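Participant: Okay, so here is run_0.txt, and as you'll see once you scroll down, it has compact mmCIF, C-alpha atoms and all ligand atoms.
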```
# COMPACT_ATOMS: atom_id res chain seq x y z
CA MET A 794 -16.78 -72.94 -27.37
CA LEU A 795 -20.09 -71.23 -27.56
CA ARG A 796 -20.64 -68.21 -25.48
CA GLY A 797 -23.77 -69.61 -23.94
CA PRO A 798 -26.96 -70.83 -25.54
CA ARG A 799 -29.36 -68.23 -26.76
CA ARG A 800 -32.19 -70.38 -27.91
CA PRO A 801 -35.31 -68.31 -27.42
CA LEU A 802 -38.19 -70.17 -25.89
CA TRP A 803 -40.41 -69.58 -28.86
CA LEU A 804 -37.97 -71.40 -31.08
CA SER A 805 -38.26 -74.52 -28.97
CA PHE A 806 -41.98 -74.42 -29.41
CA LEU A 807 -41.58 -73.82 -33.09
CA LEU A 808 -39.39 -76.85 -33.48
CA LEU A 809 -41.94 -79.01 -31.79
CA LEU A 810 -44.81 -77.58 -33.77
CA LEU A 811 -43.30 -77.55 -37.22
CA PRO A 812 -44.87 -80.62 -38.79
CA GLY A 813 -48.21 -79.63 -37.36
CA ALA A 814 -48.22 -76.11 -38.71
CA PRO A 815 -51.50 -75.00 -40.33
CA GLY A 816 -52.10 -76.76 -43.60
CA HIS A 817 -49.50 -79.37 -42.85
CA LYS A 818 -51.43 -81.77 -40.71
CA GLY A 819 -50.57 -85.28 -41.76
CA ALA A 820 -49.62 -85.94 -45.34
CA ALA A 821 -49.81 -83.03 -47.74
CA ARG A 822 -52.73 -83.19 -50.11
CA PRO A 823 -51.81 -83.31 -53.80
CA GLY A 824 -51.60 -79.82 -55.19
CA GLU A 825 -50.83 -78.41 -51.82
CA GLY A 826 -47.28 -79.62 -52.03
CA SER A 827 -46.46 -77.77 -55.22
CA GLU A 828 -47.98 -74.62 -53.89
CA GLN A 829 -45.82 -74.82 -50.84
CA ARG A 830 -42.77 -75.57 -52.89
CA GLY A 831 -43.43 -72.42 -54.86
CA ALA A 832 -43.42 -70.46 -51.66
CA GLY A 833 -39.82 -71.09 -50.90
CA GLY A 834 -39.00 -74.73 -51.48
CA ALA A 835 -38.64 -75.71 -47.85
CA TRP A 836 -42.02 -77.15 -46.91
CA PRO A 837 -41.97 -80.61 -48.46
CA ALA A 838 -38.81 -81.27 -46.54
CA PHE A 839 -40.58 -80.37 -43.34
CA GLN A 840 -42.86 -83.37 -43.55
CA GLY A 841 -41.77 -85.63 -40.76
CA LEU A 842 -39.09 -83.22 -39.71
CA LYS A 843 -39.93 -83.65 -36.09
CA GLU A 844 -39.46 -87.40 -36.13
CA ARG A 845 -36.21 -87.13 -37.97
CA LEU A 846 -34.92 -84.42 -35.78
CA SER A 847 -35.55 -86.38 -32.64
CA ALA A 848 -34.35 -89.58 -34.21
CA ALA A 849 -31.10 -87.91 -35.04
CA GLY A 850 -30.92 -86.46 -31.58
CA ALA A 851 -31.05 -83.22 -33.44
CA LEU A 852 -31.96 -81.07 -30.52
CA SER A 853 -28.89 -82.20 -28.69
CA ALA A 854 -26.46 -79.63 -27.50
CA ARG A 855 -24.21 -80.31 -30.46
CA TYR A 856 -26.93 -79.70 -32.97
CA TRP A 857 -27.97 -76.56 -31.25
CA ALA A 858 -24.37 -75.42 -31.22
CA LEU A 859 -24.11 -75.91 -34.97
CA PHE A 860 -27.37 -74.17 -35.63
CA SER A 861 -26.39 -71.32 -33.42
CA CYS A 862 -23.00 -70.97 -35.11
CA GLN A 863 -24.68 -70.86 -38.45
CA VAL A 864 -27.06 -68.10 -37.43
CA TRP A 865 -24.72 -66.13 -35.21
CA PRO A 866 -21.19 -66.93 -36.39
CA GLU A 867 -19.77 -64.21 -34.17
CA ASP A 868 -20.74 -66.32 -31.16
CA CYS A 869 -18.42 -69.11 -32.21
CA GLU A 870 -14.74 -68.99 -31.52
CA GLU A 871 -12.81 -68.82 -34.76
CA ASP A 872 -10.65 -71.80 -34.00
CA GLU A 873 -13.53 -73.98 -32.89
CA VAL A 874 -13.77 -76.79 -35.43
CA VAL A 875 -17.48 -76.87 -35.01
CA ALA A 876 -17.84 -73.43 -36.47
CA LYS A 877 -16.54 -73.97 -39.93
CA PRO A 878 -16.60 -76.97 -42.21
CA LEU A 879 -20.13 -77.82 -41.24
CA GLY A 880 -20.96 -79.45 -44.51
CA TRP A 881 -18.32 -82.09 -44.15
CA ASN A 882 -18.76 -82.92 -40.50
CA LEU A 883 -22.45 -83.52 -40.35
CA PRO A 884 -24.21 -86.42 -41.89
CA ARG A 885 -25.86 -85.24 -45.08
CA LEU A 886 -29.42 -85.23 -43.86
CA GLY A 887 -28.46 -83.44 -40.70
CA GLN A 888 -26.81 -80.70 -42.68
CA GLN A 889 -29.86 -80.37 -44.90
CA TYR A 890 -32.20 -79.85 -41.99
CA LEU A 891 -29.77 -77.54 -40.34
CA ASP A 892 -29.80 -75.39 -43.46
CA ILE A 893 -33.55 -75.43 -43.73
CA LEU A 894 -33.88 -74.54 -40.11
CA THR A 895 -31.39 -71.73 -40.41
CA ARG A 896 -33.06 -70.28 -43.46
CA TRP A 897 -36.45 -70.57 -41.88
CA TYR A 898 -35.29 -69.00 -38.69
CA CYS A 899 -33.65 -66.13 -40.54
CA ARG A 900 -36.92 -65.36 -42.20
CA PHE A 901 -38.58 -64.53 -38.91
CA GLN A 902 -35.72 -63.17 -36.97
CA ASP A 903 -33.37 -60.38 -37.94
CA CYS A 904 -30.22 -62.42 -38.01
CA CYS A 905 -28.58 -59.34 -39.42
CA ASP A 906 -29.47 -56.20 -41.36
CA SER A 907 -30.20 -57.82 -44.67
CA GLY A 908 -32.43 -60.50 -43.19
CA ASP A 909 -30.02 -63.21 -44.20
CA CYS A 910 -27.11 -63.61 -41.89
CA ARG A 911 -24.48 -64.14 -44.49
CA ILE A 912 -25.04 -61.55 -47.20
CA SER A 913 -23.54 -58.12 -46.68
CA ASN A 914 -23.44 -56.57 -50.21
CA ASN A 915 -21.17 -53.78 -49.04
CA PHE A 916 -20.63 -51.72 -52.18
CA THR A 917 -18.88 -48.99 -50.26
CA GLY A 918 -16.34 -51.56 -49.19
CA LEU A 919 -16.10 -53.09 -52.65
CA GLU A 920 -15.62 -49.72 -54.29
CA SER A 921 -12.95 -48.80 -51.80
CA ASP A 922 -11.13 -52.14 -52.11
CA LEU A 923 -11.11 -51.91 -55.89
CA ARG A 924 -9.84 -48.35 -55.75
CA VAL A 925 -7.26 -48.71 -52.99
CA ARG A 926 -6.01 -52.29 -52.94
CA LEU A 927 -6.11 -53.18 -56.63
CA HIS A 928 -3.35 -51.63 -58.71
CA GLY A 929 -3.22 -50.81 -62.39
CA GLN A 930 -6.63 -52.19 -63.35
CA HIS A 931 -8.85 -49.22 -64.07
CA VAL A 932 -10.81 -51.05 -66.76
CA ALA A 933 -11.58 -54.09 -64.61
CA ARG A 934 -12.32 -51.92 -61.60
CA GLU A 935 -15.08 -49.97 -63.33
CA LEU A 936 -16.58 -52.94 -65.13
CA VAL A 937 -16.71 -55.26 -62.15
CA LEU A 938 -18.23 -52.71 -59.82
CA ARG A 939 -20.90 -51.67 -62.29
CA ALA A 940 -21.81 -55.18 -63.39
CA VAL A 941 -22.08 -56.59 -59.90
CA ARG A 942 -23.93 -53.63 -58.47
CA ASP A 943 -26.43 -53.62 -61.34
CA HIS A 944 -27.04 -57.30 -60.87
CA VAL A 945 -27.50 -57.15 -57.13
CA GLU A 946 -29.76 -54.10 -57.37
CA THR A 947 -31.99 -55.56 -60.07
CA PRO A 948 -35.13 -56.66 -58.26
CA ARG A 949 -35.58 -59.78 -60.36
CA PRO A 950 -32.62 -60.62 -62.54
CA ASP A 951 -33.71 -62.96 -65.32
CA LYS A 952 -30.28 -64.50 -65.62
CA ALA A 953 -27.24 -65.25 -63.55
CA LEU A 954 -24.42 -62.73 -63.86
CA ALA A 955 -21.39 -64.28 -65.49
CA LEU A 956 -18.09 -62.43 -65.60
CA SER A 957 -14.99 -63.75 -67.26
CA PHE A 958 -11.68 -62.34 -66.02
CA HIS A 959 -8.75 -62.48 -68.42
CA GLY A 960 -5.12 -61.64 -68.06
CA TRP A 961 -1.69 -62.88 -67.08
CA SER A 962 -1.12 -64.42 -63.72
CA GLY A 963 -0.51 -61.99 -60.88
CA THR A 964 -2.58 -59.22 -62.42
CA GLY A 965 -5.30 -59.41 -59.78
CA LYS A 966 -8.01 -61.76 -61.04
CA ASN A 967 -8.05 -63.87 -57.90
CA PHE A 968 -7.67 -60.78 -55.79
CA VAL A 969 -10.81 -59.23 -57.26
CA ALA A 970 -12.72 -62.48 -56.83
CA GLN A 971 -11.70 -62.47 -53.19
CA MET A 972 -12.74 -58.82 -52.78
CA LEU A 973 -16.15 -59.67 -54.19
CA ALA A 974 -16.56 -62.56 -51.78
CA GLU A 975 -15.44 -60.43 -48.85
CA ASN A 976 -17.73 -57.53 -49.59
CA LEU A 977 -20.80 -59.45 -50.68
CA TYR A 978 -20.69 -61.99 -47.83
CA ARG A 979 -19.90 -61.52 -44.24
CA ASP A 980 -17.75 -64.63 -44.14
CA GLY A 981 -16.08 -63.93 -47.48
CA LEU A 982 -14.70 -66.99 -49.22
CA ARG A 983 -15.66 -69.13 -46.24
CA SER A 984 -19.32 -68.23 -46.62
CA ASP A 985 -21.68 -71.08 -47.29
CA CYS A 986 -23.01 -69.07 -50.22
CA VAL A 987 -19.63 -68.93 -51.96
CA LYS A 988 -17.86 -71.79 -53.66
CA ALA A 989 -14.55 -71.60 -55.44
CA PHE A 990 -13.34 -74.30 -57.81
CA VAL A 991 -9.84 -74.65 -59.17
CA ALA A 992 -9.97 -76.64 -62.39
CA MET A 993 -6.90 -78.78 -61.89
CA LEU A 994 -7.53 -79.27 -58.20
CA HIS A 995 -11.22 -80.13 -58.21
CA PHE A 996 -11.53 -81.71 -61.65
CA PRO A 997 -8.08 -83.10 -62.44
CA HIS A 998 -8.88 -86.34 -64.29
CA PRO A 999 -10.73 -86.19 -67.62
CA LYS A 1000 -11.87 -89.78 -67.19
CA TYR A 1001 -14.02 -88.80 -64.22
CA VAL A 1002 -15.78 -85.99 -66.03
CA GLU A 1003 -19.20 -87.62 -65.65
CA LEU A 1004 -18.76 -87.78 -61.91
CA TYR A 1005 -17.44 -84.22 -61.74
CA LYS A 1006 -20.44 -83.02 -63.72
CA GLU A 1007 -22.81 -84.57 -61.26
CA GLN A 1008 -20.93 -83.24 -58.26
CA LEU A 1009 -20.61 -79.78 -59.69
CA THR A 1010 -24.24 -79.32 -60.69
CA GLY A 1011 -25.34 -80.94 -57.45
CA GLN A 1012 -23.29 -78.48 -55.44
CA ILE A 1013 -24.56 -75.51 -57.42
CA ARG A 1014 -28.16 -76.52 -56.85
CA GLU A 1015 -27.58 -77.17 -53.19
CA ILE A 1016 -25.95 -73.81 -52.59
CA GLN A 1017 -28.59 -72.01 -54.63
CA GLN A 1018 -31.26 -73.59 -52.48
CA ARG A 1019 -29.50 -72.52 -49.35
CA CYS A 1020 -28.77 -68.92 -50.31
CA PRO A 1021 -30.76 -66.26 -52.14
CA GLN A 1022 -27.49 -64.90 -53.51
CA THR A 1023 -24.65 -67.19 -54.49
CA LEU A 1024 -21.16 -66.72 -55.86
CA PHE A 1025 -19.30 -69.40 -57.82
CA ILE A 1026 -15.68 -68.90 -58.77
CA PHE A 1027 -13.89 -71.01 -61.37
CA ASP A 1028 -10.16 -70.52 -61.32
CA GLU A 1029 -8.09 -71.82 -64.25
CA ALA A 1030 -11.28 -71.74 -66.32
CA GLU A 1031 -9.28 -72.36 -69.46
CA LYS A 1032 -8.55 -75.84 -68.12
CA LEU A 1033 -12.16 -76.80 -67.43
CA HIS A 1034 -13.28 -79.86 -69.35
CA PRO A 1035 -15.62 -78.92 -72.25
CA GLU A 1036 -18.32 -81.13 -70.79
CA LEU A 1037 -18.19 -79.31 -67.50
CA LEU A 1038 -18.59 -76.00 -69.31
CA GLU A 1039 -21.50 -77.51 -71.19
CA ALA A 1040 -23.08 -78.65 -67.93
CA LEU A 1041 -22.87 -75.11 -66.56
CA GLY A 1042 -24.91 -73.74 -69.47
CA PRO A 1043 -28.35 -74.10 -67.89
CA TYR A 1044 -27.22 -72.32 -64.73
CA LEU A 1045 -26.02 -69.29 -66.66
CA GLY A 1046 -28.89 -69.14 -69.11
CA ARG A 1047 -32.09 -67.20 -68.86
CA GLN A 1048 -34.50 -68.46 -66.29
CA ASP A 1049 -37.85 -69.65 -67.42
CA PRO A 1050 -40.27 -66.98 -66.13
CA GLN A 1051 -42.61 -69.75 -64.90
CA SER A 1052 -39.94 -71.09 -62.64
CA TYR A 1053 -39.60 -67.78 -60.83
CA LYS A 1054 -39.63 -68.38 -57.18
CA ALA A 1055 -41.42 -66.24 -54.65
CA GLU A 1056 -38.07 -64.85 -53.63
CA PRO A 1057 -35.65 -63.64 -56.25
CA SER A 1058 -32.45 -65.61 -56.45
CA ARG A 1059 -29.18 -64.17 -57.63
CA THR A 1060 -26.18 -66.05 -58.87
CA ILE A 1061 -22.82 -64.68 -59.85
CA PHE A 1062 -20.33 -66.77 -61.79
CA LEU A 1063 -16.71 -65.72 -62.12
CA PHE A 1064 -14.43 -67.43 -64.61
CA LEU A 1065 -10.74 -66.68 -64.17
CA SER A 1066 -8.31 -67.55 -66.94
CA ASN A 1067 -5.16 -66.42 -68.68
CA LEU A 1068 -6.86 -66.71 -72.08
CA GLY A 1069 -6.36 -63.59 -74.12
CA GLY A 1070 -3.64 -62.42 -71.75
CA ASN A 1071 -1.05 -62.16 -74.50
CA ILE A 1072 -3.27 -60.14 -76.77
CA ILE A 1073 -4.25 -57.77 -73.97
CA ASN A 1074 -0.58 -57.15 -73.31
CA GLU A 1075 0.12 -56.62 -76.98
CA VAL A 1076 -2.65 -54.08 -77.38
CA VAL A 1077 -1.59 -52.24 -74.23
CA LEU A 1078 2.03 -52.21 -75.32
CA ASN A 1079 1.13 -50.74 -78.71
CA LEU A 1080 -1.07 -48.07 -77.18
CA LEU A 1081 1.64 -47.08 -74.71
CA LYS A 1082 4.23 -46.96 -77.45
CA ALA A 1083 1.90 -44.74 -79.45
CA GLY A 1084 1.98 -42.32 -76.54
CA GLN A 1085 -1.36 -43.00 -74.91
CA SER A 1086 -1.48 -42.90 -71.14
CA ARG A 1087 -2.28 -46.20 -69.52
CA GLU A 1088 -5.14 -44.80 -67.46
CA GLU A 1089 -6.89 -43.64 -70.61
CA ILE A 1090 -6.98 -47.04 -72.24
CA THR A 1091 -10.61 -48.00 -72.72
CA MET A 1092 -12.50 -51.24 -73.02
CA GLU A 1093 -13.48 -50.22 -76.56
CA GLN A 1094 -9.83 -50.21 -77.54
CA LEU A 1095 -9.18 -53.63 -76.08
CA GLU A 1096 -12.39 -55.45 -76.73
CA PRO A 1097 -12.35 -56.36 -80.44
CA GLN A 1098 -9.00 -58.14 -80.52
CA PHE A 1099 -9.33 -59.55 -77.07
CA GLN A 1100 -12.70 -61.17 -77.67
CA ALA A 1101 -11.62 -62.52 -81.04
CA GLU A 1102 -8.64 -64.11 -79.35
CA ILE A 1103 -10.81 -65.87 -76.79
CA LEU A 1104 -13.19 -67.17 -79.44
CA GLU A 1105 -10.38 -68.46 -81.56
CA SER A 1106 -8.18 -69.96 -78.90
CA THR A 1107 -7.61 -73.58 -79.85
CA ASP A 1108 -5.78 -74.80 -76.78
CA SER A 1109 -8.80 -74.45 -74.52
CA GLY A 1110 -12.44 -75.40 -74.78
CA PHE A 1111 -13.56 -72.18 -73.16
CA GLY A 1112 -13.85 -70.03 -76.28
CA HIS A 1113 -15.77 -72.75 -78.09
CA SER A 1114 -18.03 -73.55 -75.22
CA ARG A 1115 -21.70 -72.89 -75.11
CA LEU A 1116 -21.03 -70.23 -72.49
CA VAL A 1117 -19.17 -68.08 -74.97
CA LYS A 1118 -20.97 -69.08 -78.17
CA GLU A 1119 -24.42 -68.50 -76.74
CA SER A 1120 -23.42 -65.23 -75.10
CA LEU A 1121 -24.03 -66.54 -71.60
CA ILE A 1122 -21.00 -64.62 -70.38
CA ASP A 1123 -22.16 -61.07 -69.71
CA PHE A 1124 -18.79 -59.35 -69.54
CA PHE A 1125 -15.28 -60.26 -70.59
CA ILE A 1126 -13.04 -58.31 -68.29
CA PRO A 1127 -9.43 -57.59 -69.23
CA PHE A 1128 -6.70 -57.37 -66.59
CA LEU A 1129 -3.82 -55.30 -67.89
CA PRO A 1130 -0.17 -56.27 -67.47
CA LEU A 1131 1.40 -54.60 -64.44
CA GLU A 1132 4.34 -52.22 -64.59
CA TYR A 1133 7.20 -51.56 -62.22
CA ARG A 1134 5.31 -48.86 -60.30
CA HIS A 1135 2.39 -51.22 -59.69
CA VAL A 1136 4.66 -53.93 -58.35
CA ARG A 1137 6.09 -51.34 -55.95
CA LEU A 1138 2.59 -50.56 -54.72
CA CYS A 1139 1.92 -54.26 -54.17
CA ALA A 1140 5.14 -54.47 -52.15
CA ARG A 1141 4.09 -51.47 -50.07
CA ASP A 1142 0.69 -53.06 -49.38
CA ALA A 1143 2.40 -56.27 -48.33
CA PHE A 1144 4.46 -54.40 -45.74
CA LEU A 1145 1.43 -52.47 -44.50
CA ASN A 1146 -0.68 -55.62 -44.26
CA GLN A 1147 1.85 -57.08 -41.88
CA GLU A 1148 2.14 -53.78 -40.06
CA LEU A 1149 5.81 -53.54 -40.95
CA GLN A 1150 7.92 -50.48 -41.65
CA TYR A 1151 9.23 -50.19 -45.18
CA THR A 1152 11.70 -48.00 -47.02
CA GLU A 1153 11.50 -46.74 -50.59
CA GLU A 1154 14.72 -48.68 -51.25
CA ALA A 1155 13.13 -51.93 -50.11
CA LEU A 1156 10.19 -51.35 -52.45
CA ASP A 1157 12.58 -50.81 -55.32
CA GLU A 1158 14.57 -53.90 -54.42
CA ILE A 1159 11.47 -56.04 -54.41
CA ALA A 1160 10.15 -54.59 -57.66
CA LYS A 1161 13.51 -55.27 -59.26
CA MET A 1162 13.30 -58.94 -58.37
CA MET A 1163 10.54 -59.46 -60.92
CA VAL A 1164 11.26 -60.25 -64.56
CA TYR A 1165 10.07 -57.61 -67.00
CA VAL A 1166 9.01 -58.25 -70.58
CA PRO A 1167 9.14 -57.87 -73.54
CA LYS A 1168 12.89 -58.18 -73.70
CA GLU A 1169 13.29 -54.86 -75.43
CA GLU A 1170 10.95 -52.60 -73.50
CA GLN A 1171 11.09 -54.41 -70.15
CA LEU A 1172 7.78 -52.84 -69.30
CA PHE A 1173 5.50 -55.51 -67.83
CA SER A 1174 6.14 -57.74 -64.85
CA SER A 1175 5.84 -61.28 -66.19
CA GLN A 1176 4.47 -62.49 -62.85
CA GLY A 1177 2.48 -59.35 -62.10
CA CYS A 1178 2.31 -58.98 -58.33
CA LYS A 1179 2.40 -62.71 -57.70
CA SER A 1180 4.04 -63.83 -54.44
CA ILE A 1181 5.11 -60.31 -53.53
CA SER A 1182 4.03 -60.90 -49.97
CA GLN A 1183 6.53 -63.76 -49.65
CA ARG A 1184 9.28 -61.65 -51.16
CA ILE A 1185 9.12 -59.01 -48.48
CA ASN A 1186 10.48 -61.60 -46.04
CA TYR A 1187 13.96 -60.95 -47.38
CA PHE A 1188 13.76 -57.41 -46.14
CA LEU A 1189 12.64 -58.01 -42.62
CA PRO A 1190 15.05 -56.97 -39.89
C1 LIG A 1201 -18.35 -51.71 -45.62
O1 LIG A 1201 -16.97 -51.69 -45.88
C2 LIG A 1201 -16.31 -50.57 -45.31
C3 LIG A 1201 -14.88 -50.60 -45.81
O2 LIG A 1201 -14.32 -51.87 -45.71
C4 LIG A 1201 -16.42 -50.65 -43.80
O3 LIG A 1201 -15.75 -49.56 -43.22
C5 LIG A 1201 -17.87 -50.66 -43.42
O4 LIG A 1201 -17.99 -50.83 -42.03
C6 LIG A 1201 -18.61 -51.76 -44.13
N1 LIG A 1201 -20.03 -51.63 -43.89
C7 LIG A 1201 -20.75 -52.62 -43.42
C8 LIG A 1201 -22.20 -52.33 -43.26
O5 LIG A 1201 -20.29 -53.71 -43.15
```
Represent the structure from my file as structure tokens, please.
Ligand SMILES: *[C@@H]1O[C@H](CO)[C@@H](O)[C@H](O)[C@H]1NC(C)=O

Facilitator:
Amino acid sequence: MLRGPRRPLWLSFLLLLLPGAPGHKGAARPGEGSEQRGAGGAWPAFQGLKERLSAAGALSARYWALFSCQVWPEDCEEDEVVAKPLGWNLPRLGQQYLDILTRWYCRFQDCCDSGDCRISNNFTGLESDLRVRLHGQHVARELVLRAVRDHVETPRPDKALALSFHGWSGTGKNFVAQMLAENLYRDGLRSDCVKAFVAMLHFPHPKYVELYKEQLTGQIREIQQRCPQTLFIFDEAEKLHPELLEALGPYLGRQDPQSYKAEPSRTIFLFLSNLGGNIINEVVLNLLKAGQSREEITMEQLEPQFQAEILESTDSGFGHSRLVKESLIDFFIPFLPLEYRHVRLCARDAFLNQELQYTEEALDEIAKMMVYVPKEEQLFSSQGCKSISQRINYFLP
């Protein structure tokens, strides 16, 4: 339950006064509406808000509880159902007003340091996570940190940031996406500003692609309206229907300068796929065999073959999509195949995460459970660090 209502008195007045705020008496005059829309997008929706709010019993304890949870999530018990899947519990309109109210409130009140309760942009944390928790990915580590920091620190980015992660499964693509969510948003993947899609889970049937397109673009717009900084993650991007990729084009493209809003909006798209994974592994294997140290492998050495592979891949629409052809993807980020020593580190982390003691022997045992390829060299774990955390169960006392 809530820890006790904290509605300041002035907010009650505000709620009552909203539709009568200066310049909003009665119906908006033509011309006035567009001006207000430019100033943040919320005002037209405020027309008649009062009536709707009371009609919906919006100032009821339940509504207040939801609003309060949205603004001060720390006041809501974790397990309280009310605190989380807001969007799916509330009737649509109710949710919309709740969002508007929250955003509006956050503008006047310091919900948190950044002025928006949900965005933390902790680059110290991101840098540390990428350095300490991610293993064997020096190229991705540098690229991701630089790209995301540049984007977030640009006062008015003229385009969404789109990163495409490539590599075998278990190499850390999802892990990095999760680190980004956790360090950019206080609620991580559960944040209302973050949305993750898994191609075969969210868009499984090609015959419904029209419907998916509508849902997807609708959700993107809705979340962008709600948050000044949004993160969209597409897992299994190689399996996305070509028409869905096409539909994403406008959201990744350059923004029309005339449509600039009063407040800058930032969007980050992550596409995760195994496209190009084989070629990355091949290039890395050849460099290692030629005596180069893994940590000195550079993007310049990987890029040419790796990008060509993505463009030419015939078994997925991704390389042929508008996103790639029109250079809407800002960075293609390679995830290198993991070696025995990296798998050991993943095993160690898994023990530490569960606050369990481990022995060097146990780490070796776990690392030996993975299959290493190619047959001859037996150098790369074919599953990377996938499901390592489940494997440590065999070694528990
Ligand atoms: C940023 O992350 C670091 C490491 O996770 C943490 O110690 C620090 O408290 C965070 N800073 C903020 C402002 O949340």

Participant: Just want the residues within 7 Å of ligand LIG 1201 (chain A), written as a ChimeraX atom specification, counting only C-alpha atoms and all ligand atoms.

Facilitator: /A:913,915-919,921,976

Participant: A:Tyr1151, A:Phe1064, A:Phe1111, A:Phe1144: which is nearest Gln1183 (chain A), counting only C-alpha atoms?

Facilitator: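 The answer is A:Phe1144, which sits nearest to Gln1183 (chain A).
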
Participant: I'd like the contact shell of Thr1023 (chain A) - 6 Å cut-off, all atoms listed in the file, skipping same-chain residues fewer than 4 positions apart - returned as a ChimeraX atom specification.

Facilitator: /A:986-987,1060

Participant: Okay, now the selection with C-alpha atoms, as an mmCIF file, keeping the file's coordinate frame?

Facilitator:
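Result file result-v1.cif:
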```
data_model
loop_
_atom_site.group_PDB
_atom_site.id
_atom_site.type_symbol
_atom_site.label_atom_id
_atom_site.label_comp_id
_atom_site.auth_asym_id
_atom_site.auth_seq_id
_atom_site.Cartn_x
_atom_site.Cartn_y
_atom_site.Cartn_z
ATOM 1 C CA CYS A 986 -23.010 -69.070 -50.220
ATOM 2 C CA VAL A 987 -19.630 -68.930 -51.960
ATOM 3 C CA THR A 1060 -26.180 -66.050 -58.870
#
```

Participant: Within 10 Å of Lys1161 (chain A), counting only C-alpha atoms, which residues show up once you throw out same-chain ones fewer than 4 positions away? Write them as a PyMOL selection string, please.

Facilitator: chain A and resi 1133+1136-1137+1155-1157+1165+1174

Participant: Mind listing as a PyMOL selection string all residues within 10 Å of (-13.1, -56.2, -68.6), counting all atoms listed in the file?

Facilitator: chain A and resi 930-937+956-960+1091-1093+1095-1096+1099+1124-1129

Participant: For the residues in the current selection, export C-alpha atoms as a JSON list (two decimals), in the coordinates of the input.

Facilitator:
```json
[["chain", "number", "residue", "atom", "x", "y", "z"],
["A", 930, "GLN", "CA", -6.63, -52.19, -63.35],
["A", 931, "HIS", "CA", -8.85, -49.22, -64.07],
["A", 932, "VAL", "CA", -10.81, -51.05, -66.76],
["A", 933, "ALA", "CA", -11.58, -54.09, -64.61],
["A", 934, "ARG", "CA", -12.32, -51.92, -61.60],
["A", 935, "GLU", "CA", -15.08, -49.97, -63.33],
["A", 936, "LEU", "CA", -16.58, -52.94, -65.13],
["A", 937, "VAL", "CA", -16.71, -55.26, -62.15],
["A", 956, "LEU", "CA", -18.09, -62.43, -65.60],
["A", 957, "SER", "CA", -14.99, -63.75, -67.26],
["A", 958, "PHE", "CA", -11.68, -62.34, -66.02],
["A", 959, "HIS", "CA", -8.75, -62.48, -68.42],
["A", 960, "GLY", "CA", -5.12, -61.64, -68.06],
["A", 1091, "THR", "CA", -10.61, -48.00, -72.72],
["A", 1092, "MET", "CA", -12.50, -51.24, -73.02],
["A", 1093, "GLU", "CA", -13.48, -50.22, -76.56],
["A", 1095, "LEU", "CA", -9.18, -53.63, -76.08],
["A", 1096, "GLU", "CA", -12.39, -55.45, -76.73],
["A", 1099, "PHE", "CA", -9.33, -59.55, -77.07],
["A", 1124, "PHE", "CA", -18.79, -59.35, -69.54],
["A", 1125, "PHE", "CA", -15.28, -60.26, -70.59],
["A", 1126, "ILE", "CA", -13.04, -58.31, -68.29],
["A", 1127, "PRO", "CA", -9.43, -57.59, -69.23],
["A", 1128, "PHE", "CA", -6.70, -57.37, -66.59],
["A", 1129, "LEU", "CA", -3.82, -55.30, -67.89]]
```

Participant: Under the rule that only C-alpha atoms are counted, which of A:Glu1036, A:Glu1119, A:Glu1148, A:Asp985 is the nearest residue to Pro1021 (chain A)?

Facilitator: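 When distances to Pro1021 (chain A) are compared using only C-alpha atoms, the smallest one comes from A:Asp985.
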
Participant: Hey, what's within 12 Å of Gly1011 (chain A) if we count only C-alpha atoms and toss same-chain stuff fewer than 6 positions away? As a PyMOL selection string, please?

Facilitator: chain A and resi 1004-1005+1017-1018+1040-1041+1044

Participant: Distance CA of Gln1048 (chain A)-CA of Ala953 (chain A), one decimal place?

Facilitator: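 Rounded to one decimal, the two atoms are 8.4 Å apart.
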